[in-house]
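Listing of final.csv, CSV, C-alpha atoms
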chain,number,residue,atom,x,y,z
A,20,MET,CA,15.7,18.2,-32.1
A,21,ASP,CA,15.4,19.9,-28.7
A,22,ILE,CA,13.7,17.8,-26.0
A,23,THR,CA,12.5,19.7,-23.0
A,24,ILE,CA,11.8,17.9,-19.8
A,25,ARG,CA,8.7,19.2,-18.1
A,26,HIS,CA,8.7,19.5,-14.3
A,27,ASP,CA,5.3,19.8,-12.7
A,28,LEU,CA,6.5,21.0,-9.4
A,29,THR,CA,7.9,24.5,-9.1
A,30,ASP,CA,11.6,25.0,-9.2
A,31,ALA,CA,11.5,26.3,-5.6
A,32,ILE,CA,10.0,23.1,-4.4
A,33,GLU,CA,12.4,20.8,-6.3
A,34,ASP,CA,15.4,22.8,-5.1
A,35,GLU,CA,14.3,22.6,-1.5
A,36,PRO,CA,16.3,19.9,0.2
A,37,MET,CA,13.3,19.1,2.4
A,38,TYR,CA,11.3,18.0,-0.6
A,39,ALA,CA,13.8,15.3,-1.6
A,40,TRP,CA,14.0,14.0,2.0
A,41,VAL,CA,10.2,13.8,2.3
A,42,LEU,CA,9.9,12.1,-1.1
A,43,ALA,CA,12.6,9.6,-0.2
A,44,LEU,CA,10.9,8.8,3.1
A,45,HIS,CA,7.5,8.5,1.3
A,46,ILE,CA,9.0,6.0,-1.2
A,47,ILE,CA,10.7,4.0,1.6
A,48,SER,CA,7.5,3.8,3.6
A,49,PHE,CA,5.2,2.8,0.8
A,50,THR,CA,7.7,0.2,-0.3
A,51,GLY,CA,7.4,-1.4,3.2
A,52,TRP,CA,3.7,-1.1,3.1
A,53,PHE,CA,3.4,-2.8,-0.2
A,54,ALA,CA,5.8,-5.5,0.8
A,55,ALA,CA,3.5,-6.4,3.6
A,56,LEU,CA,0.4,-6.0,1.4
A,57,PHE,CA,1.9,-8.6,-1.0
A,58,TYR,CA,3.0,-11.0,1.8
A,59,LEU,CA,-0.1,-11.1,4.0
A,60,PRO,CA,-2.4,-12.6,1.4
A,61,ARG,CA,0.3,-15.2,0.7
A,62,LEU,CA,0.2,-16.0,4.4
A,63,PHE,CA,-3.6,-16.3,4.2
A,64,ILE,CA,-3.1,-18.9,1.4
A,65,TYR,CA,-0.8,-21.0,3.6
A,66,HIS,CA,-3.1,-20.5,6.6
A,67,ALA,CA,-6.1,-21.7,4.6
A,68,HIS,CA,-4.1,-24.8,3.5
A,69,ALA,CA,-3.0,-25.5,7.1
A,70,LEU,CA,-6.7,-25.4,8.1
A,71,ARG,CA,-7.7,-27.7,5.3
A,72,GLN,CA,-5.0,-30.2,6.4
A,73,ASN,CA,-6.2,-30.0,10.1
A,74,ASP,CA,-2.8,-28.6,11.1
A,75,GLY,CA,-3.7,-26.8,14.3
A,76,GLN,CA,0.0,-26.0,15.1
A,77,GLY,CA,0.5,-24.6,11.6
A,78,SER,CA,-2.6,-22.5,11.9
A,79,THR,CA,-1.5,-21.1,15.2
A,80,ARG,CA,1.9,-20.3,13.7
A,81,PHE,CA,0.3,-18.4,10.7
A,82,GLN,CA,-1.9,-16.4,13.1
A,83,VAL,CA,1.2,-15.2,14.9
A,84,MET,CA,3.0,-14.4,11.7
A,85,GLU,CA,-0.1,-12.5,10.3
A,86,ARG,CA,-0.6,-10.5,13.5
A,87,LYS,CA,3.1,-9.5,13.7
A,88,LEU,CA,3.3,-8.6,10.1
A,89,TYR,CA,0.1,-6.5,10.3
A,90,ALA,CA,1.0,-4.8,13.6
A,91,ALA,CA,4.7,-4.3,13.3
A,92,ILE,CA,5.2,-3.6,9.6
A,93,MET,CA,2.0,-3.1,7.6
A,94,THR,CA,0.2,-0.6,9.8
A,95,PRO,CA,3.2,1.5,10.8
A,96,ALA,CA,4.3,1.6,7.1
A,97,MET,CA,0.8,2.7,6.1
A,98,ILE,CA,0.7,5.5,8.6
A,99,LEU,CA,4.2,6.7,7.6
A,100,THR,CA,3.2,6.6,3.9
A,101,LEU,CA,0.2,8.7,4.6
A,102,ILE,CA,2.1,11.2,6.8
A,103,PHE,CA,4.9,11.7,4.2
A,104,GLY,CA,2.3,11.8,1.4
A,105,ILE,CA,0.3,14.5,3.1
A,106,TRP,CA,3.6,16.4,3.8
A,107,LEU,CA,4.4,16.3,0.1
A,108,LEU,CA,0.9,17.5,-0.7
A,109,ALA,CA,1.4,20.4,1.8
A,110,LEU,CA,4.7,21.4,0.1
A,111,ASP,CA,2.9,22.4,-3.1
A,112,PHE,CA,-0.8,22.3,-2.3
A,113,GLN,CA,-1.8,24.7,-5.2
A,114,TYR,CA,-0.2,22.4,-7.8
A,115,TYR,CA,-2.0,19.3,-6.5
A,116,LEU,CA,-5.4,21.1,-6.4
A,117,THR,CA,-5.1,21.5,-10.2
A,118,ALA,CA,-3.7,18.1,-11.0
A,119,GLY,CA,-6.4,15.7,-12.2
A,120,TRP,CA,-4.2,12.6,-11.8
A,121,PHE,CA,-3.8,13.4,-8.1
A,122,TYR,CA,-7.5,13.0,-7.5
A,123,VAL,CA,-7.5,9.6,-9.1
A,124,LYS,CA,-4.4,8.6,-7.1
A,125,ALA,CA,-6.1,9.8,-3.9
A,126,VAL,CA,-9.1,7.5,-4.6
A,127,LEU,CA,-6.8,4.6,-5.3
A,128,VAL,CA,-5.0,5.2,-2.0
A,129,VAL,CA,-8.4,5.2,-0.2
A,130,LEU,CA,-9.1,1.9,-1.8
A,131,LEU,CA,-5.7,0.6,-0.7
A,132,ILE,CA,-6.5,1.7,2.9
A,133,GLY,CA,-9.7,-0.3,2.6
A,134,PHE,CA,-7.8,-3.3,1.4
A,135,HIS,CA,-5.5,-2.9,4.4
A,136,HIS,CA,-8.6,-3.1,6.7
A,137,ILE,CA,-10.1,-6.0,4.8
A,138,CYS,CA,-6.9,-7.9,5.6
A,139,LYS,CA,-7.5,-7.2,9.2
A,140,ALA,CA,-11.0,-8.6,8.9
A,141,HIS,CA,-9.6,-11.8,7.3
A,142,MET,CA,-7.1,-12.1,10.2
A,143,LYS,CA,-10.0,-11.9,12.7
A,144,ARG,CA,-11.9,-14.6,10.9
A,145,PHE,CA,-8.9,-16.9,10.9
A,146,ALA,CA,-8.3,-16.2,14.6
A,147,ALA,CA,-12.0,-16.9,15.4
A,148,GLY,CA,-12.1,-20.0,13.4
A,149,THR,CA,-14.8,-18.7,11.1
A,150,ASN,CA,-12.7,-18.4,7.8
A,151,ARG,CA,-14.6,-20.1,5.0
A,152,ARG,CA,-12.4,-19.0,2.1
A,153,GLY,CA,-9.8,-21.2,0.4
A,154,GLY,CA,-6.4,-20.6,-1.1
A,155,GLY,CA,-7.9,-19.7,-4.6
A,156,TYR,CA,-9.8,-16.8,-3.1
A,157,TYR,CA,-6.6,-15.4,-1.4
A,158,ARG,CA,-4.6,-15.8,-4.6
A,159,VAL,CA,-7.0,-13.5,-6.4
A,160,PHE,CA,-7.3,-11.3,-3.4
A,161,GLY,CA,-3.5,-10.9,-3.4
A,162,VAL,CA,-3.5,-9.4,-6.9
A,163,ILE,CA,-5.4,-6.4,-5.8
A,164,PRO,CA,-2.5,-4.4,-4.3
A,165,ALA,CA,-0.4,-5.2,-7.4
A,166,ILE,CA,-3.0,-3.6,-9.6
A,167,LEU,CA,-3.3,-0.6,-7.3
A,168,LEU,CA,0.5,-0.2,-7.1
A,169,MET,CA,0.8,-0.2,-10.9
A,170,ALA,CA,-2.0,2.4,-11.3
A,171,ILE,CA,-0.6,4.7,-8.5
A,172,VAL,CA,2.9,4.6,-9.8
A,173,ILE,CA,1.8,5.3,-13.4
A,174,LEU,CA,-0.3,8.2,-12.2
A,175,SER,CA,2.5,9.6,-10.0
A,176,VAL,CA,5.2,9.3,-12.6
A,177,VAL,CA,3.5,9.9,-16.0
A,178,LYS,CA,0.8,12.4,-14.7
A,179,PRO,CA,-1.4,11.7,-17.7
A,180,PHE,CA,-3.9,14.4,-16.9
Could you render the structure as structure tokens?
Amino acid sequence: MDITIRHDLTDAIEDEPMYAWVLALHIISFTGWFAALFYLPRLFIYHAHALRQNDGQGSTRFQVMERKLYAAIMTPAMILTLIFGIWLLALDFQYYLTAGWFYVKAVLVVLLIGFHHICKAHMKRFAAGTNRRGGGYYRVFGVIPAILLMAIVILSVVKPF
């Protein structure tokens, strides 16, 4: 039985050393972005608990941690992910125009960017003292990036349509 591996990108693109470097940088940057997307809702759970315990010092500490994570890791990683993703798109634009899975992935990435900005809104509410959500909400909220990650990886690797 002869099994043939189907490559969706042209041989010229796959053989180009630049493609491998850009793909590696895209993977590294989205790994950092998702690490922060997973951790920030966890910090929100702890922050909500500190507020419930009237722990002002703990609340202040979580605000600093949230702000540093968002500004120093999460946002730069998102920007780099988008830059390298667009660069990959530009390397074989014609292919991606005809790939149905890519359009679904693009919508999911837009949703992920929206999630990123919702995290910022939650941070602002914590900082202003107007957060009304408890740890249970943030536990459910924290599952969203995991679901999006699974869908994006499956679409990117399996390319089902």
Got a sec: who's within 12 Å of A:Val128, counting all atoms listed in the file, leaving out chain neighbours fewer than 2 positions off, as a PDB file with C-alpha atoms, in the frame of the given file?
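Result went into around_15.pdb, see below:
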ATOM      1  CA  PHE A  49       5.200   2.800   0.800  1.00  0.00           C
ATOM      2  CA  TRP A  52       3.700  -1.100   3.100  1.00  0.00           C
ATOM      3  CA  PHE A  53       3.400  -2.800  -0.200  1.00  0.00           C
ATOM      4  CA  MET A  97       0.800   2.700   6.100  1.00  0.00           C
ATOM      5  CA  THR A 100       3.200   6.600   3.900  1.00  0.00           C
ATOM      6  CA  LEU A 101       0.200   8.700   4.600  1.00  0.00           C
ATOM      7  CA  GLY A 104       2.300  11.800   1.400  1.00  0.00           C
ATOM      8  CA  ILE A 105       0.300  14.500   3.100  1.00  0.00           C
ATOM      9  CA  PHE A 121      -3.800  13.400  -8.100  1.00  0.00           C
ATOM     10  CA  TYR A 122      -7.500  13.000  -7.500  1.00  0.00           C
ATOM     11  CA  VAL A 123      -7.500   9.600  -9.100  1.00  0.00           C
ATOM     12  CA  LYS A 124      -4.400   8.600  -7.100  1.00  0.00           C
ATOM     13  CA  ALA A 125      -6.100   9.800  -3.900  1.00  0.00           C
ATOM     14  CA  VAL A 126      -9.100   7.500  -4.600  1.00  0.00           C
ATOM     15  CA  LEU A 130      -9.100   1.900  -1.800  1.00  0.00           C
ATOM     16  CA  LEU A 131      -5.700   0.600  -0.700  1.00  0.00           C
ATOM     17  CA  ILE A 132      -6.500   1.700   2.900  1.00  0.00           C
ATOM     18  CA  GLY A 133      -9.700  -0.300   2.600  1.00  0.00           C
ATOM     19  CA  PHE A 134      -7.800  -3.300   1.400  1.00  0.00           C
ATOM     20  CA  HIS A 135      -5.500  -2.900   4.400  1.00  0.00           C
ATOM     21  CA  PRO A 164      -2.500  -4.400  -4.300  1.00  0.00           C
ATOM     22  CA  ILE A 166      -3.000  -3.600  -9.600  1.00  0.00           C
ATOM     23  CA  LEU A 167      -3.300  -0.600  -7.300  1.00  0.00           C
ATOM     24  CA  LEU A 168       0.500  -0.200  -7.100  1.00  0.00           C
ATOM     25  CA  MET A 169       0.800  -0.200 -10.900  1.00  0.00           C
ATOM     26  CA  ALA A 170      -2.000   2.400 -11.300  1.00  0.00           C
ATOM     27  CA  ILE A 171      -0.600   4.700  -8.500  1.00  0.00           C
ATOM     28  CA  VAL A 172       2.900   4.600  -9.800  1.00  0.00           C
ATOM     29  CA  LEU A 174      -0.300   8.200 -12.200  1.00  0.00           C
ATOM     30  CA  SER A 175       2.500   9.600 -10.000  1.00  0.00           C
TER      31      SER A 175
END
A:Ser48 proximity check over A:Val83, A:Ile64, A:Arg71, A:Thr94, using only C-alpha atoms: winner is A:Thr94
Calculated over all atoms listed in the file, which of the candidates A:His141, A:Arg152, A:Trp106, A:Asp111 has the smallest distance to A:Ala43? A:Trp106
Could you work out how far atom CA of A:Tyr65 lies from atom CA of A:Phe160, giving the answer in Å with one decimal?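 Computing it gives 13.6 Å between the two atoms.
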Find the distance between atom CA of A:Tyr157 and atom CA of A:Gly75 and write it in Å to one decimal.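 Straight-line distance from atom CA of A:Tyr157 to atom CA of A:Gly75 works out to 19.6 Å.
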Close residues, A:Arg151 itself excluded, 9 Å, only C-alpha atoms, min 6 positions apart in chain, as a PyMOL selection string: chain A and resi 67+144-145
Atom CA of A:Gly154 and atom CA of A:His68 are how many Å apart?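 These atoms are spaced 6.6 Å apart.
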Measuring between all atoms listed in the file, which one of A:Ala165, A:Leu116, A:Leu127, A:Leu70 shows the shortest distance to A:Asn150?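 Ranking A:Ala165, A:Leu116, A:Leu127, A:Leu70 by distance to A:Asn150, first place goes to A:Leu70.
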From the set A:Ala90, A:Leu59, A:Leu99, A:Ala69, which residue has the shortest atom-to-atom contact distance to A:His45, counting all atoms listed in the file?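 Using all atoms listed in the file, the shortest distance to A:His45 belongs to A:Leu99.
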Which residue out of A:Tyr114, A:Tyr58, A:Phe180, A:Phe63 has the minimum interatomic distance to A:Ala140 when all atoms listed in the file are used?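 Checking each candidate against A:Ala140, we get A:Phe63 as the closest.
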Proximity to A:Glu35 - best of A:Ile92, A:Ile102, A:Ala54, A:Leu110, all atoms listed in the file: A:Leu110
Fix up stretch 142-153 of chain A with all heavy atoms, then write it as a PDB file, in the frame of the given file.
ATOM      1  N   MET A 142      -7.916 -11.629   9.011  1.00  0.00           N
ATOM      2  CA  MET A 142      -7.100 -12.100  10.200  1.00  0.00           C
ATOM      3  C   MET A 142      -8.052 -12.465  11.330  1.00  0.00           C
ATOM      4  O   MET A 142      -7.862 -13.491  11.991  1.00  0.00           O
ATOM      5  CB  MET A 142      -6.122 -11.068  10.594  1.00  0.00           C
ATOM      6  CG  MET A 142      -4.955 -10.902   9.662  1.00  0.00           C
ATOM      7  SD  MET A 142      -3.891  -9.502  10.096  1.00  0.00           S
ATOM      8  CE  MET A 142      -3.664  -9.712  11.841  1.00  0.00           C
ATOM      9  N   LYS A 143      -9.026 -11.620  11.577  1.00  0.00           N
ATOM     10  CA  LYS A 143     -10.000 -11.900  12.700  1.00  0.00           C
ATOM     11  C   LYS A 143     -10.767 -13.139  12.446  1.00  0.00           C
ATOM     12  O   LYS A 143     -11.015 -13.908  13.382  1.00  0.00           O
ATOM     13  CB  LYS A 143     -10.883 -10.670  12.883  1.00  0.00           C
ATOM     14  CG  LYS A 143     -10.193  -9.471  13.503  1.00  0.00           C
ATOM     15  CD  LYS A 143     -11.170  -8.322  13.692  1.00  0.00           C
ATOM     16  CE  LYS A 143     -10.502  -7.158  14.366  1.00  0.00           C
ATOM     17  NZ  LYS A 143     -11.426  -6.024  14.564  1.00  0.00           N
ATOM     18  N   ARG A 144     -11.165 -13.375  11.187  1.00  0.00           N
ATOM     19  CA  ARG A 144     -11.900 -14.600  10.900  1.00  0.00           C
ATOM     20  C   ARG A 144     -11.039 -15.841  11.067  1.00  0.00           C
ATOM     21  O   ARG A 144     -11.505 -16.858  11.581  1.00  0.00           O
ATOM     22  CB  ARG A 144     -12.487 -14.540   9.463  1.00  0.00           C
ATOM     23  CG  ARG A 144     -13.760 -13.684   9.377  1.00  0.00           C
ATOM     24  CD  ARG A 144     -14.476 -13.873   8.067  1.00  0.00           C
ATOM     25  NE  ARG A 144     -13.862 -13.144   6.958  1.00  0.00           N
ATOM     26  CZ  ARG A 144     -14.015 -11.846   6.739  1.00  0.00           C
ATOM     27  NH1 ARG A 144     -14.760 -11.110   7.537  1.00  0.00           N
ATOM     28  NH2 ARG A 144     -13.433 -11.270   5.710  1.00  0.00           N
ATOM     29  N   PHE A 145      -9.793 -15.758  10.656  1.00  0.00           N
ATOM     30  CA  PHE A 145      -8.900 -16.900  10.900  1.00  0.00           C
ATOM     31  C   PHE A 145      -8.744 -17.143  12.397  1.00  0.00           C
ATOM     32  O   PHE A 145      -8.814 -18.288  12.849  1.00  0.00           O
ATOM     33  CB  PHE A 145      -7.506 -16.631  10.281  1.00  0.00           C
ATOM     34  CG  PHE A 145      -7.383 -17.001   8.835  1.00  0.00           C
ATOM     35  CD1 PHE A 145      -7.121 -16.030   7.881  1.00  0.00           C
ATOM     36  CD2 PHE A 145      -7.496 -18.319   8.418  1.00  0.00           C
ATOM     37  CE1 PHE A 145      -6.983 -16.369   6.541  1.00  0.00           C
ATOM     38  CE2 PHE A 145      -7.360 -18.669   7.080  1.00  0.00           C
ATOM     39  CZ  PHE A 145      -7.104 -17.684   6.137  1.00  0.00           C
ATOM     40  N   ALA A 146      -8.532 -16.065  13.162  1.00  0.00           N
ATOM     41  CA  ALA A 146      -8.300 -16.200  14.600  1.00  0.00           C
ATOM     42  C   ALA A 146      -9.572 -16.764  15.304  1.00  0.00           C
ATOM     43  O   ALA A 146      -9.465 -17.533  16.262  1.00  0.00           O
ATOM     44  CB  ALA A 146      -7.947 -14.858  15.217  1.00  0.00           C
ATOM     45  N   ALA A 147     -10.756 -16.398  14.809  1.00  0.00           N
ATOM     46  CA  ALA A 147     -12.000 -16.900  15.400  1.00  0.00           C
ATOM     47  C   ALA A 147     -12.423 -18.242  14.920  1.00  0.00           C
ATOM     48  O   ALA A 147     -13.394 -18.817  15.421  1.00  0.00           O
ATOM     49  CB  ALA A 147     -13.122 -15.848  15.140  1.00  0.00           C
ATOM     50  N   GLY A 148     -11.712 -18.737  13.917  1.00  0.00           N
ATOM     51  CA  GLY A 148     -12.100 -20.000  13.400  1.00  0.00           C
ATOM     52  C   GLY A 148     -13.273 -19.992  12.443  1.00  0.00           C
ATOM     53  O   GLY A 148     -13.906 -21.009  12.194  1.00  0.00           O
ATOM     54  N   THR A 149     -13.581 -18.814  11.913  1.00  0.00           N
ATOM     55  CA  THR A 149     -14.800 -18.700  11.100  1.00  0.00           C
ATOM     56  C   THR A 149     -14.415 -18.426   9.583  1.00  0.00           C
ATOM     57  O   THR A 149     -15.298 -18.136   8.789  1.00  0.00           O
ATOM     58  CB  THR A 149     -15.659 -17.512  11.547  1.00  0.00           C
ATOM     59  OG1 THR A 149     -14.903 -16.303  11.542  1.00  0.00           O
ATOM     60  CG2 THR A 149     -16.180 -17.800  12.954  1.00  0.00           C
ATOM     61  N   ASN A 150     -13.120 -18.531   9.235  1.00  0.00           N
ATOM     62  CA  ASN A 150     -12.700 -18.400   7.800  1.00  0.00           C
ATOM     63  C   ASN A 150     -13.345 -19.473   6.984  1.00  0.00           C
ATOM     64  O   ASN A 150     -13.229 -20.642   7.312  1.00  0.00           O
ATOM     65  CB  ASN A 150     -11.225 -18.365   7.663  1.00  0.00           C
ATOM     66  CG  ASN A 150     -10.832 -18.261   6.209  1.00  0.00           C
ATOM     67  OD1 ASN A 150     -11.121 -17.266   5.548  1.00  0.00           O
ATOM     68  ND2 ASN A 150     -10.198 -19.293   5.684  1.00  0.00           N
ATOM     69  N   ARG A 151     -13.996 -19.103   5.899  1.00  0.00           N
ATOM     70  CA  ARG A 151     -14.600 -20.100   5.000  1.00  0.00           C
ATOM     71  C   ARG A 151     -13.983 -19.998   3.600  1.00  0.00           C
ATOM     72  O   ARG A 151     -14.441 -20.656   2.678  1.00  0.00           O
ATOM     73  CB  ARG A 151     -16.124 -19.858   4.890  1.00  0.00           C
ATOM     74  CG  ARG A 151     -16.845 -19.956   6.200  1.00  0.00           C
ATOM     75  CD  ARG A 151     -16.863 -21.405   6.700  1.00  0.00           C
ATOM     76  NE  ARG A 151     -17.468 -21.473   8.018  1.00  0.00           N
ATOM     77  CZ  ARG A 151     -16.812 -21.743   9.137  1.00  0.00           C
ATOM     78  NH1 ARG A 151     -15.534 -21.984   9.112  1.00  0.00           N
ATOM     79  NH2 ARG A 151     -17.432 -21.790  10.294  1.00  0.00           N
ATOM     80  N   ARG A 152     -12.980 -19.204   3.438  1.00  0.00           N
ATOM     81  CA  ARG A 152     -12.400 -19.000   2.100  1.00  0.00           C
ATOM     82  C   ARG A 152     -11.158 -19.922   1.942  1.00  0.00           C
ATOM     83  O   ARG A 152     -10.433 -20.199   2.886  1.00  0.00           O
ATOM     84  CB  ARG A 152     -11.906 -17.561   1.961  1.00  0.00           C
ATOM     85  CG  ARG A 152     -12.958 -16.548   2.348  1.00  0.00           C
ATOM     86  CD  ARG A 152     -13.333 -15.714   1.207  1.00  0.00           C
ATOM     87  NE  ARG A 152     -14.215 -14.645   1.657  1.00  0.00           N
ATOM     88  CZ  ARG A 152     -15.167 -14.173   0.927  1.00  0.00           C
ATOM     89  NH1 ARG A 152     -15.374 -14.642  -0.264  1.00  0.00           N
ATOM     90  NH2 ARG A 152     -15.931 -13.206   1.378  1.00  0.00           N
ATOM     91  N   GLY A 153     -10.931 -20.327   0.708  1.00  0.00           N
ATOM     92  CA  GLY A 153      -9.800 -21.200   0.400  1.00  0.00           C
ATOM     93  C   GLY A 153      -8.655 -20.421  -0.228  1.00  0.00           C
ATOM     94  O   GLY A 153      -8.718 -19.209  -0.430  1.00  0.00           O
TER      95      GLY A 153
END
